[in-house]
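Q: Input structure: work.pdb, which contains PDB, C-alpha atoms.
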MODEL        1
ATOM      1  CA  MET A 690       0.666 -21.802 -31.619
ATOM      2  CA  VAL A 691       0.676 -18.184 -32.795
ATOM      3  CA  ILE A 692       2.811 -16.034 -35.051
ATOM      4  CA  GLU A 693       2.725 -12.322 -35.775
ATOM      5  CA  VAL A 694       1.169 -11.571 -39.151
ATOM      6  CA  GLU A 695       3.392  -8.584 -39.877
ATOM      7  CA  ASP A 696       7.031  -7.917 -39.015
ATOM      8  CA  ASP A 697       7.072  -5.298 -36.259
ATOM      9  CA  ASN A 698      10.728  -4.472 -36.950
ATOM     10  CA  VAL A 699      11.674  -4.943 -33.298
ATOM     11  CA  PRO A 700      15.036  -6.759 -33.211
ATOM     12  CA  PHE A 701      14.526  -9.538 -30.674
ATOM     13  CA  PHE A 702      18.209 -10.098 -29.988
ATOM     14  CA  LYS A 703      18.621  -6.482 -28.849
ATOM     15  CA  GLN A 704      16.099  -7.137 -26.068
ATOM     16  CA  TYR A 705      18.722  -8.689 -23.836
ATOM     17  CA  VAL A 706      16.454  -9.512 -20.893
ATOM     18  CA  SER A 707      14.234 -11.601 -23.183
ATOM     19  CA  VAL A 708      17.275 -13.304 -24.679
ATOM     20  CA  ALA A 709      18.638 -14.020 -21.204
ATOM     21  CA  ILE A 710      15.326 -15.517 -20.062
ATOM     22  CA  ILE A 711      15.250 -17.918 -23.013
ATOM     23  CA  VAL A 712      18.893 -18.891 -22.507
ATOM     24  CA  ILE A 713      18.384 -19.518 -18.792
ATOM     25  CA  ASN A 714      15.315 -21.658 -19.459
ATOM     26  CA  ILE A 715      17.218 -23.741 -21.998
ATOM     27  CA  ILE A 716      20.232 -24.181 -19.705
ATOM     28  CA  VAL A 717      18.023 -25.212 -16.778
ATOM     29  CA  PHE A 718      16.148 -27.683 -18.989
ATOM     30  CA  LEU A 719      19.389 -29.255 -20.195
ATOM     31  CA  PHE A 720      20.479 -29.541 -16.571
ATOM     32  CA  GLN A 721      17.172 -31.225 -15.716
ATOM     33  CA  LEU A 722      17.830 -33.825 -18.401
ATOM     34  CA  LEU A 723      20.885 -34.926 -16.424
ATOM     35  CA  ASP A 724      18.703 -36.090 -13.524
ATOM     36  CA  PRO A 725      19.430 -39.852 -13.319
ATOM     37  CA  THR A 726      16.029 -40.536 -11.723
ATOM     38  CA  GLY A 727      14.172 -39.304 -14.796
ATOM     39  CA  TYR A 728      12.010 -36.958 -12.695
ATOM     40  CA  MET A 729      13.614 -33.833 -14.194
ATOM     41  CA  LEU A 730      14.546 -32.522 -10.723
ATOM     42  CA  MET A 731      10.868 -31.824 -10.033
ATOM     43  CA  TYR A 732      11.068 -32.552  -6.310
ATOM     44  CA  GLU A 733      14.303 -30.597  -5.964
ATOM     45  CA  GLY A 734      13.248 -27.401  -7.751
ATOM     46  CA  ALA A 735       9.549 -27.392  -8.662
ATOM     47  CA  PHE A 736       6.971 -25.495  -6.614
ATOM     48  CA  ILE A 737       5.027 -27.687  -4.181
ATOM     49  CA  PRO A 738       2.072 -25.891  -2.542
ATOM     50  CA  ARG A 739       2.149 -27.919   0.674
ATOM     51  CA  GLU A 740       5.783 -26.967   1.247
ATOM     52  CA  PHE A 741       4.940 -23.320   0.700
ATOM     53  CA  PHE A 742       2.105 -23.316   3.228
ATOM     54  CA  ALA A 743       4.375 -25.126   5.676
ATOM     55  CA  GLY A 744       6.890 -22.298   5.357
ATOM     56  CA  GLN A 745       9.415 -24.442   3.536
ATOM     57  CA  ASN A 746      11.449 -23.933   0.360
ATOM     58  CA  TYR A 747      10.075 -20.531  -0.605
ATOM     59  CA  TRP A 748      12.878 -20.265  -3.163
ATOM     60  CA  LYS A 749      11.143 -22.881  -5.309
ATOM     61  CA  ILE A 750       8.735 -20.182  -6.450
ATOM     62  CA  PHE A 751      11.660 -18.788  -8.445
ATOM     63  CA  THR A 752      13.366 -21.991  -9.580
ATOM     64  CA  SER A 753      10.104 -23.542 -10.758
ATOM     65  CA  MET A 754       9.454 -20.771 -13.277
ATOM     66  CA  PHE A 755      12.628 -21.712 -15.161
ATOM     67  CA  MET A 756      11.948 -25.470 -15.229
ATOM     68  CA  HIS A 757       9.980 -27.595 -17.683
ATOM     69  CA  GLY A 758       8.611 -31.110 -17.774
ATOM     70  CA  ASP A 759       9.568 -32.140 -21.308
ATOM     71  CA  ILE A 760      10.736 -30.846 -24.679
ATOM     72  CA  ILE A 761       7.227 -29.967 -25.898
ATOM     73  CA  HIS A 762       6.591 -27.983 -22.720
ATOM     74  CA  ILE A 763       9.657 -25.787 -23.130
ATOM     75  CA  LEU A 764       9.283 -25.411 -26.906
ATOM     76  CA  PHE A 765       5.729 -24.096 -26.686
ATOM     77  CA  ASN A 766       6.528 -21.793 -23.776
ATOM     78  CA  MET A 767       9.616 -20.317 -25.397
ATOM     79  CA  TRP A 768       7.834 -19.839 -28.712
ATOM     80  CA  PHE A 769       4.968 -17.892 -27.129
ATOM     81  CA  PHE A 770       7.509 -15.833 -25.218
ATOM     82  CA  TYR A 771       9.536 -15.166 -28.367
ATOM     83  CA  VAL A 772       6.472 -13.892 -30.218
ATOM     84  CA  VAL A 773       5.403 -11.323 -27.614
ATOM     85  CA  ALA A 774       8.430 -10.471 -25.484
ATOM     86  CA  ASP A 775      10.414  -8.216 -27.826
ATOM     87  CA  ASN A 776       7.632  -5.654 -28.245
ATOM     88  CA  CYS A 777       6.940  -5.609 -24.516
ATOM     89  CA  GLU A 778      10.546  -5.234 -23.424
ATOM     90  CA  LYS A 779      11.219  -2.467 -25.922
ATOM     91  CA  ALA A 780       8.099  -0.601 -24.774
ATOM     92  CA  MET A 781       8.462  -1.064 -21.002
ATOM     93  CA  GLY A 782      12.231  -0.939 -20.725
ATOM     94  CA  HIS A 783      14.475  -3.735 -19.539
ATOM     95  CA  ALA A 784      14.004  -3.290 -15.785
ATOM     96  CA  LEU A 785      10.211  -3.024 -15.693
ATOM     97  CA  PHE A 786       9.893  -5.862 -18.178
ATOM     98  CA  LEU A 787      11.987  -8.137 -15.956
ATOM     99  CA  ILE A 788      10.030  -7.127 -12.857
ATOM    100  CA  THR A 789       6.773  -7.848 -14.680
ATOM    101  CA  TYR A 790       8.005 -11.275 -15.746
ATOM    102  CA  ILE A 791       9.217 -12.297 -12.284
ATOM    103  CA  VAL A 792       6.199 -10.942 -10.398
ATOM    104  CA  SER A 793       3.842 -12.622 -12.884
ATOM    105  CA  GLY A 794       5.605 -15.918 -12.230
ATOM    106  CA  ILE A 795       5.277 -15.437  -8.471
ATOM    107  CA  ALA A 796       1.601 -14.468  -8.745
ATOM    108  CA  ALA A 797       1.012 -17.555 -10.877
ATOM    109  CA  ALA A 798       2.468 -19.879  -8.240
ATOM    110  CA  LEU A 799       0.591 -18.211  -5.396
ATOM    111  CA  LEU A 800      -2.834 -18.281  -7.052
ATOM    112  CA  HIS A 801      -2.301 -21.899  -8.029
ATOM    113  CA  ALA A 802      -1.367 -22.750  -4.435
ATOM    114  CA  VAL A 803      -4.448 -21.027  -3.013
ATOM    115  CA  PHE A 804      -6.774 -22.921  -5.348
ATOM    116  CA  MET A 805      -5.091 -26.215  -4.508
ATOM    117  CA  LEU A 806      -6.278 -25.719  -0.924
ATOM    118  CA  LEU A 807      -9.684 -26.699  -2.308
ATOM    119  CA  VAL A 808      -8.217 -30.021  -3.452
ATOM    120  CA  PRO A 809      -5.851 -31.074  -0.609
ATOM    121  CA  PRO A 810      -4.308 -34.092  -2.400
ATOM    122  CA  MET A 811      -3.058 -31.749  -5.136
ATOM    123  CA  LEU A 812      -1.015 -29.770  -2.610
ATOM    124  CA  ASP A 813       1.749 -32.357  -2.967
ATOM    125  CA  VAL A 814       1.920 -32.219  -6.761
ATOM    126  CA  PRO A 815       4.982 -30.311  -8.085
ATOM    127  CA  THR A 816       4.294 -27.418 -10.435
ATOM    128  CA  LEU A 817       6.866 -26.114 -12.870
ATOM    129  CA  GLY A 818       7.130 -24.088 -16.056
ATOM    130  CA  ALA A 819       7.465 -20.554 -17.349
ATOM    131  CA  SER A 820       3.810 -20.423 -18.414
ATOM    132  CA  GLY A 821       2.602 -18.205 -15.563
ATOM    133  CA  ALA A 822       5.329 -15.617 -16.102
ATOM    134  CA  ILE A 823       4.780 -15.739 -19.871
ATOM    135  CA  MET A 824       1.042 -15.230 -19.411
ATOM    136  CA  GLY A 825       1.910 -11.980 -17.668
ATOM    137  CA  ILE A 826       3.871 -10.851 -20.723
ATOM    138  CA  ILE A 827       1.091 -12.007 -23.037
ATOM    139  CA  ALA A 828      -1.305  -9.790 -21.073
ATOM    140  CA  VAL A 829       1.092  -6.850 -21.456
ATOM    141  CA  TYR A 830       1.333  -7.495 -25.200
ATOM    142  CA  GLY A 831      -2.424  -7.541 -25.654
ATOM    143  CA  ILE A 832      -2.903  -4.338 -23.674
ATOM    144  CA  LEU A 833      -0.044  -2.319 -25.161
ATOM    145  CA  PHE A 834      -0.429  -3.632 -28.718
ATOM    146  CA  PRO A 835      -4.135  -4.538 -28.976
ATOM    147  CA  ASP A 836      -4.345  -4.071 -32.739
ATOM    148  CA  ASN A 837      -1.349  -6.226 -33.624
ATOM    149  CA  LYS A 838      -2.498  -9.112 -35.772
ATOM    150  CA  LEU A 839      -1.669 -12.690 -34.843
ATOM    151  CA  ARG A 840      -2.131 -15.827 -36.876
ATOM    152  CA  LEU A 841      -3.512 -18.607 -34.697
ATOM    153  CA  LEU A 842      -2.404 -22.014 -35.924
ATOM    154  CA  THR A 843      -4.510 -24.986 -34.864
ATOM    155  CA  SER A 844      -4.922 -28.518 -36.134
ATOM    156  CA  ALA A 845      -8.287 -27.596 -37.608
ATOM    157  CA  ARG A 846      -7.652 -24.260 -39.303
ATOM    158  CA  THR A 847      -5.695 -21.031 -39.329
ATOM    159  CA  ARG A 848      -7.271 -17.836 -38.014
ATOM    160  CA  LYS A 849      -6.112 -14.246 -37.973
ATOM    161  CA  ILE A 850      -7.068 -12.378 -34.806
ATOM    162  CA  SER A 851      -6.023  -9.221 -33.009
ATOM    163  CA  ALA A 852      -3.850  -9.338 -29.922
ATOM    164  CA  ARG A 853      -6.822  -7.973 -27.964
ATOM    165  CA  GLN A 854      -9.025 -10.867 -29.049
ATOM    166  CA  PHE A 855      -6.267 -13.371 -28.389
ATOM    167  CA  ILE A 856      -5.660 -12.384 -24.771
ATOM    168  CA  LEU A 857      -9.382 -12.258 -23.996
ATOM    169  CA  ILE A 858      -9.994 -15.710 -25.468
ATOM    170  CA  TYR A 859      -6.888 -17.127 -23.816
ATOM    171  CA  PHE A 860      -7.706 -15.656 -20.393
ATOM    172  CA  ILE A 861     -11.356 -16.742 -20.394
ATOM    173  CA  THR A 862     -10.400 -20.239 -21.543
ATOM    174  CA  GLU A 863      -7.781 -20.624 -18.808
ATOM    175  CA  LEU A 864     -10.166 -19.283 -16.169
ATOM    176  CA  ILE A 865     -12.916 -21.701 -17.169
ATOM    177  CA  TYR A 866     -10.571 -24.688 -17.301
ATOM    178  CA  GLY A 867      -9.028 -23.670 -13.993
ATOM    179  CA  ILE A 868     -12.384 -23.552 -12.221
ATOM    180  CA  ILE A 869     -13.723 -26.728 -13.819
ATOM    181  CA  SER A 870     -10.620 -28.861 -13.349
ATOM    182  CA  LEU A 871      -9.542 -27.582  -9.897
ATOM    183  CA  GLY A 872      -6.180 -29.249 -10.189
ATOM    184  CA  ALA A 873      -7.410 -32.448 -11.855
ATOM    185  CA  SER A 874      -5.765 -31.389 -15.104
ATOM    186  CA  GLY A 875      -2.076 -31.854 -15.821
ATOM    187  CA  THR A 876      -1.954 -28.118 -16.565
ATOM    188  CA  ALA A 877      -1.929 -25.491 -13.803
ATOM    189  CA  HIS A 878      -4.604 -23.296 -15.365
ATOM    190  CA  MET A 879      -5.030 -21.075 -12.316
ATOM    191  CA  ALA A 880      -1.296 -20.352 -12.433
ATOM    192  CA  HIS A 881      -1.864 -18.987 -15.932
ATOM    193  CA  VAL A 882      -4.695 -16.840 -14.601
ATOM    194  CA  GLY A 883      -2.503 -15.526 -11.801
ATOM    195  CA  GLY A 884       0.258 -14.586 -14.207
ATOM    196  CA  PHE A 885      -2.219 -12.880 -16.515
ATOM    197  CA  ILE A 886      -3.670 -10.792 -13.678
ATOM    198  CA  ALA A 887      -0.214  -9.636 -12.590
ATOM    199  CA  GLY A 888       0.764  -8.763 -16.158
ATOM    200  CA  THR A 889      -2.456  -6.813 -16.609
ATOM    201  CA  PHE A 890      -1.704  -4.804 -13.471
ATOM    202  CA  PHE A 891       1.764  -3.841 -14.713
ATOM    203  CA  ALA A 892       0.505  -3.030 -18.212
ATOM    204  CA  ILE A 893      -2.195  -0.705 -16.886
ATOM    205  CA  LEU A 894       0.271   0.902 -14.462
ATOM    206  CA  PHE A 895       2.713   1.439 -17.318
ATOM    207  CA  LYS A 896       0.038   2.988 -19.541
ATOM    208  CA  LEU A 897      -0.899   5.446 -16.800
ATOM    209  CA  PHE A 898       2.588   6.940 -16.840
ATOM    210  CA  SER A 899       3.412   6.501 -20.517
ATOM    211  CA  LYS A 900       2.696   9.219 -23.047
ATOM    212  CA  LYS A 901       3.209   6.880 -25.997
ATOM    213  CA  TYR A 902       0.971   3.976 -24.917
TER     214      TYR A 902
ENDMDL
END
Hey, can you dump this file as structure tokens for me?
A:
Amino acid sequence: MVIEVEDDNVPFFKQYVSVAIIVINIIVFLFQLLDPTGYMLMYEGAFIPREFFAGQNYWKIFTSMFMHGDIIHILFNMWFFYVVADNCEKAMGHALFLITYIVSGIAAALLHAVFMLLVPPMLDVPTLGASGAIMGIIAVYGILFPDNKLRLLTSARTRKISARQFILIYFITELIYGIISLGASGTAHMAHVGGFIAGTFFAILFKLFSKKY
């Protein structure tokens, strides 16, 4: 869990794409709770790598990035998004921010699928969550606002780190876990890596054409 140390004076609720993303995620989650089977509509809307490689249900790449497995899953994802999204949307503009979010989510699903080819049984496991798309925005935040201070809250202690340090630690950790676990974990670490890479691409592209950043 992280929070910004200082108020950046960016009004979150004026960043309407970010607000819409949170609202859509919440609505979809509430709809998932109505699933009488208790499986949270995973097989109906979550991304399944084997289906993708079979040329089936491509649309699940999009639906899966607005679904979550439980209340903790959505709470953590939406909190991380809330912390970083307002700065990024205000800087990039609404359209580019939305494109970055969606493409990061797609890249997350695709990289996860490719790595699951190394572990064939995992190709049938549904993947869902906004984490990959959010990792793209986290990458943008760290690149555009590297000196912003974040307070990292853990069970052991509280640390204050820069956004630059945070994204480097986060990325390296996800990459290591992704390679070591190769799908054996309940978390799609390589999806996080894919989202981060896409977000980094858009952040660098934006900086190339921006006089302010």
Q: Evaluated on this file, the PyMOL selection byres ((chain A and resi 775-792) around 6) picks out some residues - which ones are they, written as a PyMOL selection string?
A: chain A and resi 701+773-774+793-795+822+830
Q: Can you pull out every residue within 8 Å of Phe855 of chain A, counting all atoms listed in the file, but drop anything in the same chain fewer than 5 positions away, and send it as JSON, numbers by chain?
A: {"A": [831, 839, 850]}
Q: Determine the axis-aligned bounding box of all atoms of segment 817-830 of chain A present in the file, pad each side by 4 Å, and express its centre and edge lengths in Å to one decimal place as lines of an AutoDock Vina configuration file.
A:
center_x = 3.1
center_y = -16.5
center_z = -19.0
size_x = 16.8
size_y = 27.3
size_z = 20.3
Q: Given the point (13.2, -35.3, -19.0) in the coordinates of this file, which residues lie within 10 Å, counting only C-alpha atoms, and how would they look as a compact mmCIF listing (two decimals) with C-alpha atoms, in the frame of the given file?
A:
# COMPACT_ATOMS: atom_id res chain seq x y z
CA PHE A 718 16.15 -27.68 -18.99
CA LEU A 719 19.39 -29.26 -20.20
CA PHE A 720 20.48 -29.54 -16.57
CA GLN A 721 17.17 -31.22 -15.72
CA LEU A 722 17.83 -33.83 -18.40
CA LEU A 723 20.88 -34.93 -16.42
CA ASP A 724 18.70 -36.09 -13.52
CA PRO A 725 19.43 -39.85 -13.32
CA THR A 726 16.03 -40.54 -11.72
CA GLY A 727 14.17 -39.30 -14.80
CA TYR A 728 12.01 -36.96 -12.70
CA MET A 729 13.61 -33.83 -14.19
CA LEU A 730 14.55 -32.52 -10.72
CA MET A 731 10.87 -31.82 -10.03
CA HIS A 757 9.98 -27.60 -17.68
CA GLY A 758 8.61 -31.11 -17.77
CA ASP A 759 9.57 -32.14 -21.31
CA ILE A 760 10.74 -30.85 -24.68
Q: Name the residues in contact with Phe741 of chain A at a cut-off of 10 Å, using only C-alpha atoms, excluding same-chain residues fewer than 4 positions from it; report them as a PyMOL selection string.
A: chain A and resi 736-737+745-750+798-799+802+812
Q: Would you write out, as a list in words, every residue that the PyMOL selection byres ((chain A and resi 821) around 6) captures in this file?
A: Gly794, Ala797, Ala819, Ser820, Ala822, Ile823, Met824, Ala880, His881 and Gly884 of chain A
Q: Can I get the selected residues back with C-alpha atoms, as a PDB file, in the frame of the given file?
A:
ATOM      1  CA  GLY A 794       5.605 -15.918 -12.230  1.00  0.00           C
ATOM      2  CA  ALA A 797       1.012 -17.555 -10.877  1.00  0.00           C
ATOM      3  CA  ALA A 819       7.465 -20.554 -17.349  1.00  0.00           C
ATOM      4  CA  SER A 820       3.810 -20.423 -18.414  1.00  0.00           C
ATOM      5  CA  ALA A 822       5.329 -15.617 -16.102  1.00  0.00           C
ATOM      6  CA  ILE A 823       4.780 -15.739 -19.871  1.00  0.00           C
ATOM      7  CA  MET A 824       1.042 -15.230 -19.411  1.00  0.00           C
ATOM      8  CA  ALA A 880      -1.296 -20.352 -12.433  1.00  0.00           C
ATOM      9  CA  HIS A 881      -1.864 -18.987 -15.932  1.00  0.00           C
ATOM     10  CA  GLY A 884       0.258 -14.586 -14.207  1.00  0.00           C
TER      11      GLY A 884
END
Q: Name the closest residue to Phe895 of chain A among the candidates A:Ile865, A:Met690, A:Arg846, A:Ile832; distances are taken between atoms, counting only C-alpha atoms.
A: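 The shortest atom-to-atom distance to Phe895 of chain A comes from A:Ile832.
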Q: Pick the closest to Asn837 of chain A from A:Met811, A:Ile710, A:Ala852, A:Leu764: which is it, counting all atoms listed in the file?
A: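 Residue with the minimum atom-to-atom distance to Asn837 of chain A: A:Ala852.
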Q: Go ahead and compute the interatomic distance for atom CA of Phe885 of chain A and atom CA of Met805 of chain A, in Å to one decimal.
A: 18.2 Å
Q: Closest to Phe834 of chain A among A:Tyr902, A:Phe755, A:Tyr732, A:Phe765, using all atoms listed in the file?
A: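 Among A:Tyr902, A:Phe755, A:Tyr732, A:Phe765, it is A:Tyr902 that comes nearest to Phe834 of chain A.
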Q: Any idea what the distance is between atom CA of Leu800 of chain A and atom CA of Gly883 of chain A?
A: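 Going from atom CA of Leu800 of chain A over to atom CA of Gly883 of chain A, I get 5.5 Å.
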Q: Excluding Val694 of chain A and residues on its chain fewer than 5 positions from it, collect all residues at most 8 Å away from it, counting only C-alpha atoms, and give them as a PyMOL selection string.
A: chain A and resi 838-840+849
Q: Using all atoms listed in the file, list the residues that have an atom at most 9 Å from (1.4, -2.1, -17.5), coordinates as in the file, as a PyMOL selection string.
A: chain A and resi 781+789+828-829+832-833+888-897
Q: Based on the selection just made, write C-alpha atoms of those residues as a PDB file, in the frame of the given file.
A:
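Writing done, so here's out.pdb:
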ATOM      1  CA  MET A 781       8.462  -1.064 -21.002  1.00  0.00           C
ATOM      2  CA  THR A 789       6.773  -7.848 -14.680  1.00  0.00           C
ATOM      3  CA  ALA A 828      -1.305  -9.790 -21.073  1.00  0.00           C
ATOM      4  CA  VAL A 829       1.092  -6.850 -21.456  1.00  0.00           C
ATOM      5  CA  ILE A 832      -2.903  -4.338 -23.674  1.00  0.00           C
ATOM      6  CA  LEU A 833      -0.044  -2.319 -25.161  1.00  0.00           C
ATOM      7  CA  GLY A 888       0.764  -8.763 -16.158  1.00  0.00           C
ATOM      8  CA  THR A 889      -2.456  -6.813 -16.609  1.00  0.00           C
ATOM      9  CA  PHE A 890      -1.704  -4.804 -13.471  1.00  0.00           C
ATOM     10  CA  PHE A 891       1.764  -3.841 -14.713  1.00  0.00           C
ATOM     11  CA  ALA A 892       0.505  -3.030 -18.212  1.00  0.00           C
ATOM     12  CA  ILE A 893      -2.195  -0.705 -16.886  1.00  0.00           C
ATOM     13  CA  LEU A 894       0.271   0.902 -14.462  1.00  0.00           C
ATOM     14  CA  PHE A 895       2.713   1.439 -17.318  1.00  0.00           C
ATOM     15  CA  LYS A 896       0.038   2.988 -19.541  1.00  0.00           C
ATOM     16  CA  LEU A 897      -0.899   5.446 -16.800  1.00  0.00           C
TER      17      LEU A 897
END
Q: Nearest to Ser870 of chain A: which of A:Phe804, A:Val706, A:His762, A:Ile716 is it, counting only C-alpha atoms?
A: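 Going through A:Phe804, A:Val706, A:His762, A:Ile716 one by one, the smallest distance to Ser870 of chain A is for A:Phe804.
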Q: Report, in Å to a single decimal, how far apart atom CA of Gly818 of chain A and atom CA of Phe742 of chain A are.
A: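 Atom CA of Gly818 of chain A lies at a distance of 19.9 Å from atom CA of Phe742 of chain A.
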Q: For a quick check of understanding, using all atoms listed in the file, which of A:Ile856, A:Met767, A:Val691, A:Val699 has the smallest distance to Ile713 of chain A?
A: A:Met767
Q: Taking into account all atoms listed in the file, which residue in the set A:Met879, A:Val772, A:Gly734, A:Ile869 is nearest to Leu841 of chain A?
A: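 Of all the options, A:Val772 lies closest to Leu841 of chain A.
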